[in-house]
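Raw target_37.txt, compact mmCIF, C-alpha atoms and all ligand atoms:
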# COMPACT_ATOMS: atom_id res chain seq x y z
CA MET A 91 0.00 0.00 0.00
CA GLN A 92 1.30 3.43 -0.90
CA SER A 93 1.97 6.05 1.74
CA THR A 94 -0.70 8.69 2.30
CA LYS A 95 1.54 10.80 4.52
CA PRO A 96 1.90 14.43 3.40
CA LEU A 97 5.03 15.01 1.37
CA THR A 98 7.53 17.15 3.16
CA SER A 99 10.35 19.32 1.94
CA THR A 100 12.75 16.55 2.89
CA SER A 101 10.78 13.72 1.21
CA PHE A 102 10.42 15.44 -2.18
CA PHE A 103 12.14 18.49 -3.53
CA PRO A 104 11.43 18.89 -7.25
CA PRO A 105 13.33 21.32 -9.48
CA TRP A 106 10.65 24.01 -9.26
CA ARG A 107 10.98 24.05 -5.48
CA GLN A 108 14.73 24.17 -5.77
CA ALA A 109 14.16 27.25 -7.96
CA GLY A 110 12.19 28.88 -5.12
CA LEU A 111 8.69 28.35 -6.54
CA ARG A 112 5.73 27.10 -4.56
CA PHE A 113 4.04 25.43 -7.52
CA TYR A 114 5.11 23.95 -10.84
CA SER A 115 4.37 26.84 -13.19
CA TYR A 116 3.88 26.47 -16.94
CA ARG A 117 6.58 29.03 -17.60
CA PHE A 118 9.01 26.90 -15.57
CA ARG A 119 7.92 23.76 -17.44
CA LEU A 120 8.45 25.34 -20.85
CA LYS A 121 11.87 26.64 -19.82
CA GLU A 122 12.78 23.12 -18.72
CA LEU A 123 11.65 21.75 -22.09
CA PHE A 124 12.96 24.37 -24.47
CA GLY A 125 15.68 26.11 -22.44
CA THR A 126 14.19 29.50 -23.21
CA ARG A 127 11.04 31.50 -22.90
CA VAL A 128 8.14 30.18 -24.99
CA GLN A 129 4.74 31.82 -25.44
CA LYS A 130 1.49 30.56 -26.90
CA VAL A 131 -0.08 32.14 -29.97
CA SER A 132 -3.82 31.63 -30.31
CA ILE A 133 -5.23 30.30 -33.57
CA ASP A 134 -8.86 30.24 -34.62
CA ALA A 135 -9.15 27.46 -37.18
CA GLY A 136 -12.86 27.97 -37.66
CA PHE A 137 -14.18 25.03 -35.64
CA THR A 138 -17.58 24.89 -34.02
CA CYS A 139 -18.64 22.80 -31.04
CA PRO A 140 -21.05 19.84 -30.67
CA ASN A 141 -23.17 21.56 -28.07
CA VAL A 142 -23.45 24.65 -30.24
CA ASP A 143 -24.37 22.93 -33.50
CA GLY A 144 -26.95 20.71 -31.82
CA THR A 145 -25.07 17.40 -32.02
CA VAL A 146 -25.06 16.83 -28.25
CA ALA A 147 -26.89 19.95 -27.04
CA LYS A 148 -28.01 23.37 -28.17
CA GLY A 149 -26.97 26.79 -26.95
CA GLY A 150 -23.50 25.82 -25.74
CA CYS A 151 -22.24 26.06 -22.18
CA THR A 152 -24.08 28.60 -20.03
CA PHE A 153 -20.93 30.69 -19.49
CA CYS A 154 -19.60 30.57 -23.06
CA ASP A 155 -20.16 33.37 -25.53
CA ASN A 156 -20.35 30.85 -28.34
CA ARG A 157 -22.33 32.83 -30.91
CA SER A 158 -19.20 33.18 -33.00
CA PHE A 159 -18.85 29.35 -33.07
CA SER A 160 -22.19 28.93 -34.78
CA PRO A 161 -21.60 27.30 -38.19
CA SER A 162 -23.74 29.95 -39.86
CA ARG A 163 -21.70 32.79 -38.35
CA ARG A 164 -18.16 31.63 -39.03
CA LEU A 165 -16.40 34.55 -40.66
CA PRO A 166 -13.50 34.27 -43.09
CA ARG A 167 -10.23 34.85 -41.27
CA ALA A 168 -6.56 34.89 -42.14
CA ASP A 169 -5.05 31.48 -42.85
CA ILE A 170 -3.08 29.78 -40.07
CA ARG A 171 0.28 31.27 -41.04
CA GLY A 172 -1.31 34.71 -41.41
CA GLN A 173 -2.83 34.47 -37.94
CA ILE A 174 0.53 33.48 -36.45
CA GLU A 175 2.28 36.39 -38.19
CA GLN A 176 -0.37 38.83 -36.97
CA SER A 177 -0.05 37.57 -33.37
CA LEU A 178 3.75 37.68 -33.43
CA ALA A 179 3.66 41.24 -34.72
CA ARG A 180 1.38 42.20 -31.80
CA MET A 181 3.50 40.32 -29.25
CA ARG A 182 6.89 41.57 -30.45
CA ASN A 183 6.93 44.64 -28.18
CA ARG A 184 5.58 42.80 -25.16
CA TYR A 185 7.84 39.72 -25.28
CA THR A 186 11.13 41.05 -26.56
CA ASP A 187 13.04 38.00 -25.27
CA CYS A 188 10.74 35.40 -26.85
CA GLU A 189 11.61 33.72 -30.15
CA LYS A 190 9.73 30.44 -29.85
CA PHE A 191 6.00 29.91 -29.82
CA ILE A 192 3.42 27.18 -29.36
CA ALA A 193 0.52 27.32 -31.81
CA TYR A 194 -2.57 27.17 -29.63
CA PHE A 195 -5.74 25.99 -31.35
CA GLN A 196 -7.97 27.68 -28.81
CA PRO A 197 -11.56 28.73 -29.58
CA ALA A 198 -14.31 26.11 -29.79
CA THR A 199 -13.51 22.39 -30.17
CA ASN A 200 -10.29 21.95 -32.10
CA THR A 201 -10.57 18.23 -32.84
CA TYR A 202 -14.15 18.43 -34.06
CA ALA A 203 -13.47 17.38 -37.66
CA PRO A 204 -12.22 14.33 -39.55
CA VAL A 205 -8.48 13.68 -39.37
CA GLU A 206 -8.23 14.58 -43.07
CA ARG A 207 -9.18 18.16 -42.15
CA LEU A 208 -7.25 18.31 -38.88
CA ARG A 209 -3.90 17.13 -40.24
CA PRO A 210 -3.28 20.00 -42.71
CA LEU A 211 -4.35 22.60 -40.13
CA TYR A 212 -1.86 21.34 -37.55
CA GLU A 213 0.80 20.98 -40.29
CA GLN A 214 0.33 24.59 -41.39
CA ALA A 215 0.93 25.82 -37.84
CA LEU A 216 4.04 23.69 -37.39
CA ALA A 217 5.44 24.88 -40.71
CA HIS A 218 6.01 28.35 -39.23
CA PRO A 219 9.74 28.58 -38.40
CA GLN A 220 9.14 30.00 -34.91
CA VAL A 221 6.51 27.44 -33.89
CA VAL A 222 7.99 24.69 -31.70
CA GLY A 223 4.84 22.84 -30.72
CA LEU A 224 1.08 22.57 -30.69
CA ALA A 225 -1.57 23.00 -28.02
CA VAL A 226 -5.04 21.76 -28.93
CA GLY A 227 -8.08 22.68 -26.84
CA THR A 228 -10.96 20.25 -27.07
CA ARG A 229 -13.75 18.39 -25.29
CA PRO A 230 -13.13 14.89 -23.94
CA ASP A 231 -16.08 13.55 -25.97
CA CYS A 232 -14.50 14.75 -29.24
CA VAL A 233 -11.37 12.61 -29.46
CA PRO A 234 -12.18 9.39 -31.30
CA ASP A 235 -9.35 6.89 -31.61
CA ASP A 236 -8.21 8.10 -35.04
CA VAL A 237 -7.90 11.67 -33.71
CA ILE A 238 -5.90 10.43 -30.71
CA GLY A 239 -3.74 8.54 -33.21
CA LEU A 240 -3.17 11.74 -35.19
CA LEU A 241 -2.24 13.73 -32.07
CA ASN A 242 0.12 10.93 -31.08
CA GLU A 243 1.71 11.07 -34.52
CA PHE A 244 2.36 14.81 -34.14
CA GLY A 245 3.59 14.17 -30.61
CA GLU A 246 6.29 11.88 -31.97
CA ARG A 247 7.66 14.82 -34.00
CA THR A 248 7.15 17.78 -31.72
CA TYR A 249 5.77 19.04 -28.43
CA VAL A 250 1.99 18.54 -28.29
CA SER A 251 -0.34 19.41 -25.44
CA VAL A 252 -3.98 18.31 -25.61
CA GLU A 253 -6.28 20.33 -23.35
CA TYR A 254 -9.46 18.60 -22.24
CA GLY A 255 -12.29 20.77 -20.94
CA MET A 256 -13.13 18.72 -17.87
CA GLN A 257 -14.36 21.68 -15.75
CA THR A 258 -15.48 19.52 -12.80
CA MET A 259 -15.88 15.88 -11.83
CA HIS A 260 -19.51 16.41 -10.80
CA ASP A 261 -22.14 15.46 -13.38
CA ARG A 262 -24.79 17.69 -11.80
CA SER A 263 -22.54 20.71 -12.47
CA LEU A 264 -21.89 19.57 -16.04
CA GLU A 265 -25.66 19.35 -16.48
CA TRP A 266 -26.06 22.83 -14.97
CA MET A 267 -23.68 24.30 -17.51
CA ASN A 268 -25.32 22.43 -20.44
CA ARG A 269 -22.06 20.69 -21.19
CA GLY A 270 -23.61 17.93 -23.24
CA CYS A 271 -21.34 15.27 -21.76
CA GLY A 272 -20.66 13.76 -18.36
CA HIS A 273 -17.47 13.05 -16.43
CA ASP A 274 -17.42 9.53 -17.88
CA SER A 275 -16.27 11.14 -21.16
CA MET A 276 -13.22 12.56 -19.39
CA ILE A 277 -12.40 9.22 -17.82
CA ASP A 278 -12.74 7.53 -21.21
CA ALA A 279 -10.59 10.14 -22.99
CA MET A 280 -7.91 9.83 -20.31
CA GLN A 281 -7.83 6.06 -20.56
CA ARG A 282 -7.30 6.32 -24.32
CA SER A 283 -4.76 9.16 -24.01
CA GLN A 284 -2.44 7.62 -21.44
CA LEU A 285 1.02 6.58 -22.60
CA ARG A 286 0.69 8.60 -25.80
CA LYS A 287 3.32 11.01 -27.03
CA PHE A 288 1.43 14.12 -26.03
CA GLU A 289 0.88 15.89 -22.74
CA ILE A 290 -2.63 16.06 -21.36
CA SER A 291 -3.97 19.02 -19.49
CA ALA A 292 -7.41 19.60 -18.04
CA HIS A 293 -9.42 22.76 -17.55
CA ALA A 294 -11.25 23.11 -14.25
CA ILE A 295 -13.60 25.82 -12.98
CA LEU A 296 -14.01 26.71 -9.31
CA ASP A 297 -17.23 28.17 -7.87
CA LEU A 298 -19.73 26.34 -10.06
CA PRO A 299 -23.21 26.87 -8.58
CA GLY A 300 -24.13 24.19 -6.06
CA GLU A 301 -20.57 23.00 -5.51
CA SER A 302 -19.33 23.10 -1.94
CA HIS A 303 -15.71 23.62 -0.96
CA ALA A 304 -15.46 19.84 -0.49
CA ASP A 305 -16.90 19.26 -3.99
CA MET A 306 -14.22 21.51 -5.52
CA LEU A 307 -11.47 19.72 -3.65
CA ALA A 308 -12.91 16.39 -4.84
CA THR A 309 -12.22 17.62 -8.39
CA ALA A 310 -8.60 18.30 -7.38
CA ARG A 311 -8.27 14.73 -6.07
CA GLU A 312 -9.86 13.42 -9.26
CA LEU A 313 -7.33 15.32 -11.40
CA ALA A 314 -4.58 13.72 -9.34
CA ARG A 315 -6.17 10.28 -9.75
CA LEU A 316 -6.53 10.73 -13.50
CA GLU A 317 -2.84 11.69 -13.70
CA VAL A 318 -3.24 14.60 -16.07
CA ASP A 319 0.07 16.31 -16.83
CA GLY A 320 -1.22 19.83 -16.35
CA VAL A 321 -4.19 21.82 -15.13
CA LYS A 322 -5.72 25.18 -16.00
CA LEU A 323 -7.81 26.70 -13.24
CA HIS A 324 -10.06 29.70 -13.05
CA ASN A 325 -13.10 30.88 -11.15
CA LEU A 326 -16.52 31.07 -12.78
CA TYR A 327 -16.69 34.47 -14.47
CA CYS A 328 -19.37 36.02 -16.55
CA VAL A 329 -19.36 37.59 -20.01
CA LYS A 330 -22.13 39.41 -21.85
CA ASN A 331 -24.79 37.68 -23.95
CA THR A 332 -24.67 34.37 -22.09
CA LYS A 333 -27.23 32.50 -20.03
CA LEU A 334 -24.93 33.00 -17.06
CA ALA A 335 -25.15 36.78 -17.55
CA ASP A 336 -28.94 36.54 -17.10
CA GLN A 337 -28.53 34.35 -14.02
CA VAL A 338 -26.07 36.79 -12.48
CA ALA A 339 -28.32 39.76 -13.30
CA THR A 340 -31.31 38.17 -11.52
CA GLY A 341 -29.20 37.11 -8.54
CA GLU A 342 -29.76 33.42 -9.28
CA VAL A 343 -25.99 32.96 -9.46
CA LYS A 344 -23.54 34.79 -7.22
CA LEU A 345 -19.90 34.91 -8.21
CA MET A 346 -17.02 34.27 -5.86
CA GLU A 347 -15.08 37.00 -4.09
CA GLN A 348 -11.34 37.16 -4.67
CA ALA A 349 -10.42 36.24 -1.08
CA ASP A 350 -12.51 33.04 -1.26
CA TYR A 351 -11.04 32.14 -4.62
CA VAL A 352 -7.47 32.61 -3.41
CA LYS A 353 -8.00 30.38 -0.37
CA THR A 354 -9.78 27.72 -2.45
CA VAL A 355 -7.10 27.72 -5.15
CA VAL A 356 -4.38 27.21 -2.57
CA ASP A 357 -6.35 24.36 -0.95
CA PHE A 358 -6.74 22.89 -4.47
CA ILE A 359 -3.04 23.19 -5.35
CA GLU A 360 -2.03 21.51 -2.10
CA LEU A 361 -3.86 18.37 -3.28
CA LEU A 362 -2.24 18.17 -6.72
CA PRO A 363 0.84 16.04 -7.30
CA PRO A 364 4.11 17.98 -7.49
CA THR A 365 4.64 16.66 -11.03
CA MET A 366 1.48 18.29 -12.41
CA VAL A 367 2.06 21.57 -14.21
CA ILE A 368 -0.16 24.49 -13.13
CA GLU A 369 -0.75 26.13 -16.47
CA ARG A 370 -3.14 28.85 -15.33
CA LEU A 371 -4.57 30.15 -12.06
CA SER A 372 -7.04 32.74 -13.25
CA GLY A 373 -9.11 33.68 -16.25
CA ASP A 374 -10.57 36.79 -17.80
CA ALA A 375 -12.13 38.10 -20.99
CA PRO A 376 -11.81 41.33 -22.98
CA PRO A 377 -13.16 44.20 -20.81
CA ASP A 378 -15.76 45.05 -23.48
CA TYR A 379 -17.43 41.66 -22.99
CA PHE A 380 -16.73 41.16 -19.33
CA ILE A 381 -19.36 41.43 -16.60
CA GLY A 382 -17.70 40.10 -13.48
CA PRO A 383 -16.36 39.52 -10.99
CA LYS A 384 -14.29 42.63 -11.70
CA TRP A 385 -11.30 41.46 -9.68
CA CYS A 386 -10.58 38.85 -12.40
CA LEU A 387 -9.43 41.57 -14.74
CA ASN A 388 -6.35 42.19 -12.62
CA LYS A 389 -4.61 38.85 -13.13
CA GLY A 390 -1.36 40.15 -11.69
CA ALA A 391 -3.07 41.02 -8.41
CA VAL A 392 -4.77 37.60 -8.23
CA LYS A 393 -1.44 35.87 -8.76
CA ARG A 394 0.21 38.03 -6.08
CA GLU A 395 -2.56 37.19 -3.60
CA ILE A 396 -2.17 33.46 -4.33
CA ASP A 397 1.60 33.73 -3.83
CA ALA A 398 1.03 35.65 -0.58
CA GLU A 399 -1.44 33.05 0.72
CA MET A 400 1.03 30.24 -0.03
CA GLU A 401 3.76 32.19 1.70
CA ARG A 402 1.54 32.90 4.70
CA ARG A 403 0.71 29.18 5.07
CA ASP A 404 4.25 28.17 4.15
CA THR A 405 2.72 25.68 1.78
CA TRP A 406 3.38 24.34 -1.72
CA GLN A 407 1.85 22.24 -4.47
CA GLY A 408 1.44 18.65 -3.36
CA LYS A 409 1.80 19.30 0.35
CA PHE A 410 -1.35 17.26 1.00
CA TRP A 411 -1.38 15.16 -2.14
CA GLU A 412 -2.28 11.56 -1.45
CA ARG A 413 -0.84 9.08 -3.89
S1 LIG A 501 -17.61 23.13 -24.97
FE1 LIG A 501 -16.24 24.89 -24.95
S2 LIG A 501 -16.53 25.94 -26.91
FE2 LIG A 501 -18.26 24.51 -26.65
S3 LIG A 501 -19.86 25.82 -25.75
FE3 LIG A 501 -18.76 24.82 -24.05
S4 LIG A 501 -17.15 26.28 -23.44
FE4 LIG A 501 -17.94 26.93 -25.46

Could you rewrite the structure in this file as C-alpha cells?
Amino acid sequence: MQSTKPLTSTSFFPPWRQAGLRFYSYRFRLKELFGTRVQKVSIDAGFTCPNVDGTVAKGGCTFCDNRSFSPSRRLPRADIRGQIEQSLARMRNRYTDCEKFIAYFQPATNTYAPVERLRPLYEQALAHPQVVGLAVGTRPDCVPDDVIGLLNEFGERTYVSVEYGMQTMHDRSLEWMNRGCGHDSMIDAMQRSQLRKFEISAHAILDLPGESHADMLATARELARLEVDGVKLHNLYCVKNTKLADQVATGEVKLMEQADYVKTVVDFIELLPPTMVIERLSGDAPPDYFIGPKWCLNKGAVKREIDAEMERRDTWQGKFWER
C-alpha cells in the first residue's frame, strides 16, 4: 500500500521548489523543455462545437459566448500562417526576449473534424519557423481513436499538449452548464490518451453553482487520480450575452469574491501532485465583454494574492497530495 503521509520538503524536492517556486508553473515547465522563454499564440481554425451545432446539445455552455462558433456565423479569417504572423507582430513589443512559440488551437472544439481536415491545419501551424509545438483545446467527448492517433503522430515529432475541458468531476454541475457530456467522457478520454506522445492538461472551474468547498477539492483529487500532466484553473466568471449573464443579473448565481477564490485555489493546489504543471490560475475576458467579478481583470493582483497566501501558510503544491 502506498503512503498517504503528506510530502515534506525533505521527502520530495522537485526542481521548481529548488528554484524557489511554490508550484510547478507552466513558464518553468516550458523553460525546462525548451531552455528558453516560450509563449502561446492563439489560432482560430474555424471550428464549431457539438453543443453549439446541436449534435449533443443546443446553446453551448451557459458561461460561453459561443455565438461566433455557430456554423452559420463563421467569418472568413486569415489562414493559419497569417494568424501566427499577426499575433507575433502584436506580441513583439511585449515579449522582446521570446523567439519560440506554441501554436494554440484555442476557440471552440479543435478536434471536431475528420483527421483529413485536422492534419493540414496542424501541419500549417508547425510549418512556421518560430513554432515549436502545438496546443489543442478540445472536449473529452471529441477525441475518437483516429484523432488520438493523429495527435500521437504529431507528438512523436514535436511538443503537443492536448487540453481537455473537464471543468469539474460532478455530473450535476456539467448538467447545470449544459455541457452535453458527463465526467465519464473525461475518464474515457484519459484512458485512451495515457502513454501517448502528447501531454494532457485539463481545464477546471471553481465556484460552479451548487458546488461546496469539499466538492471543488474532490475535483482536485480526481485530477490527481486521473494523472493529467497539467491543469488550467479559473473561477466562474461572466461575459455578456450568455445564459450566465442573465442568471447573475437576476441574482440566481452569485460569483465568488477574490479572497474566497485565493483560499480555495491554494487548498486545491495543495492536493495536486508535485509533477502536475499548473498552467493557469485565473481567467478573464476582454473588458468590453466582461461582466464580473471585476477582480478577475487584474490577473497580476490575483497571482500576487495566491503567492502571498502560499507564503503565509508556508505551503506548496502537493503538500497534502495523497498518492
Ligand atoms: S464546450 Fe467549450 S466551446 Fe463549446 S460551448 Fe462549451 S465552453 Fe464553449

What separation in Å, quoted to one decimal, exists between atom CA of A:Asp305 and atom CA of A:His260? 7.8 Å

Cut-off 7 Å: closest chain A/ligand LIG 501 (chain A) atom pairs per residue, using only C-alpha atoms and all ligand atoms, as a tab-separated table:
residue	atom	partner	partner_atom	distance
A:Cys139	CA	A:LIG501	FE2	4.7
A:Pro140	CA	A:LIG501	FE2	6.8
A:Asn141	CA	A:LIG501	S3	5.9
A:Val142	CA	A:LIG501	S3	5.9
A:Gly150	CA	A:LIG501	S3	3.6
A:Cys151	CA	A:LIG501	FE3	4.1
A:Cys154	CA	A:LIG501	FE4	4.7
A:Asp155	CA	A:LIG501	FE4	6.8
A:Asn156	CA	A:LIG501	FE4	5.4
A:Pro197	CA	A:LIG501	S2	6.3
A:Ala198	CA	A:LIG501	S2	3.6
A:Thr199	CA	A:LIG501	S2	5.7
A:Arg229	CA	A:LIG501	S1	6.1
A:Gly255	CA	A:LIG501	FE1	7.0
A:Arg269	CA	A:LIG501	FE3	6.0

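Nearest to A:Gly245 of all the residues A:Gly341, A:Gly144, A:Gly300, A:Gly223 is A:Gly223, counting all atoms listed in the file.
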
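Residues within 12 Å of A:Leu123, counting all atoms listed in the file and excluding same-chain residues fewer than 4 positions away, are Tyr116, Arg117, Phe118, Arg119, Arg127, Val128, Lys190, Val222, Gly223, Thr248, Tyr249 and Val250 of chain A.
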
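Shortest separation to A:Ser263 among A:Asp297, A:Glu246, A:Asp350, A:Asp378 occurs at residue A:Asp297, atoms counted being all atoms listed in the file.
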
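Going from atom CA of A:Leu216 over to atom CA of A:Ala193, you cover 7.5 Å.
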
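Separating atom CA of A:Ala109 from atom CA of A:Lys322 is a distance of 21.5 Å.
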
Residues within 9 Å of (0.3, 26.4, -13.5), file coordinates, counting all atoms listed in the file: what are they? Give the list as number ranges by chain. A: 113-119, 320-323, 366-371

Please determine an axis-aligned box that encloses all atoms of stretch 168-173 of chain A listed in the file, with 6 Å added on each side, and express its centre and edge lengths in Å to one decimal as JSON.
{"center_x": -3.1, "center_y": 32.3, "center_z": -40.4, "size_x": 18.8, "size_y": 17.1, "size_z": 16.9}

Take the point (-20.5, 27.8, -9.6) in the file's coordinates, draw a sphere of radius 10 Å around it, and report as an NGL selection string every protein, DNA or RNA residue with an atom inside or on it, counting only C-alpha atoms. :A and (263 or 266-267 or 295-302 or 306 or 325-327 or 343-346)

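For A:Val392, the set of protein, DNA and RNA residues having any atom at most 8 Å away, when counting only C-alpha atoms and skipping those fewer than 5 positions along the same chain, is Gln348, Val352, Ser372, Trp385 and Cys386 of chain A.
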
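Closest to A:Ile238 among A:Ala349, A:Ala308, A:Ala215, A:Leu208 is A:Leu208, based on all atoms listed in the file.
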
Spatial neighbours of A:Phe153, 7 Å, all atoms listed in the file, chain gap at least 3 places, as a PyMOL selection string: chain A and resi 328+332-334

Which neighbours of stretch 407-409 of chain A fall inside 12 Å, counting only C-alpha atoms, when residues of the same chain fewer than 2 positions from it are skipped, and could you give them as a ChimeraX atom specification? /A:94-104,106-107,111-115,310-311,314,355-368,396-397,400-401,403-405,411-413

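Using only C-alpha atoms, the shortest contact distance between A:Asn331 and any of A:Leu313, A:Ala292, A:Ile381, A:Ala225 is found at A:Ile381.
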
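Here the question is which of A:Ala335, A:Met181, A:Ile277, A:Val146 gets nearest to A:Val318 using all atoms listed in the file, and that residue is A:Ile277.
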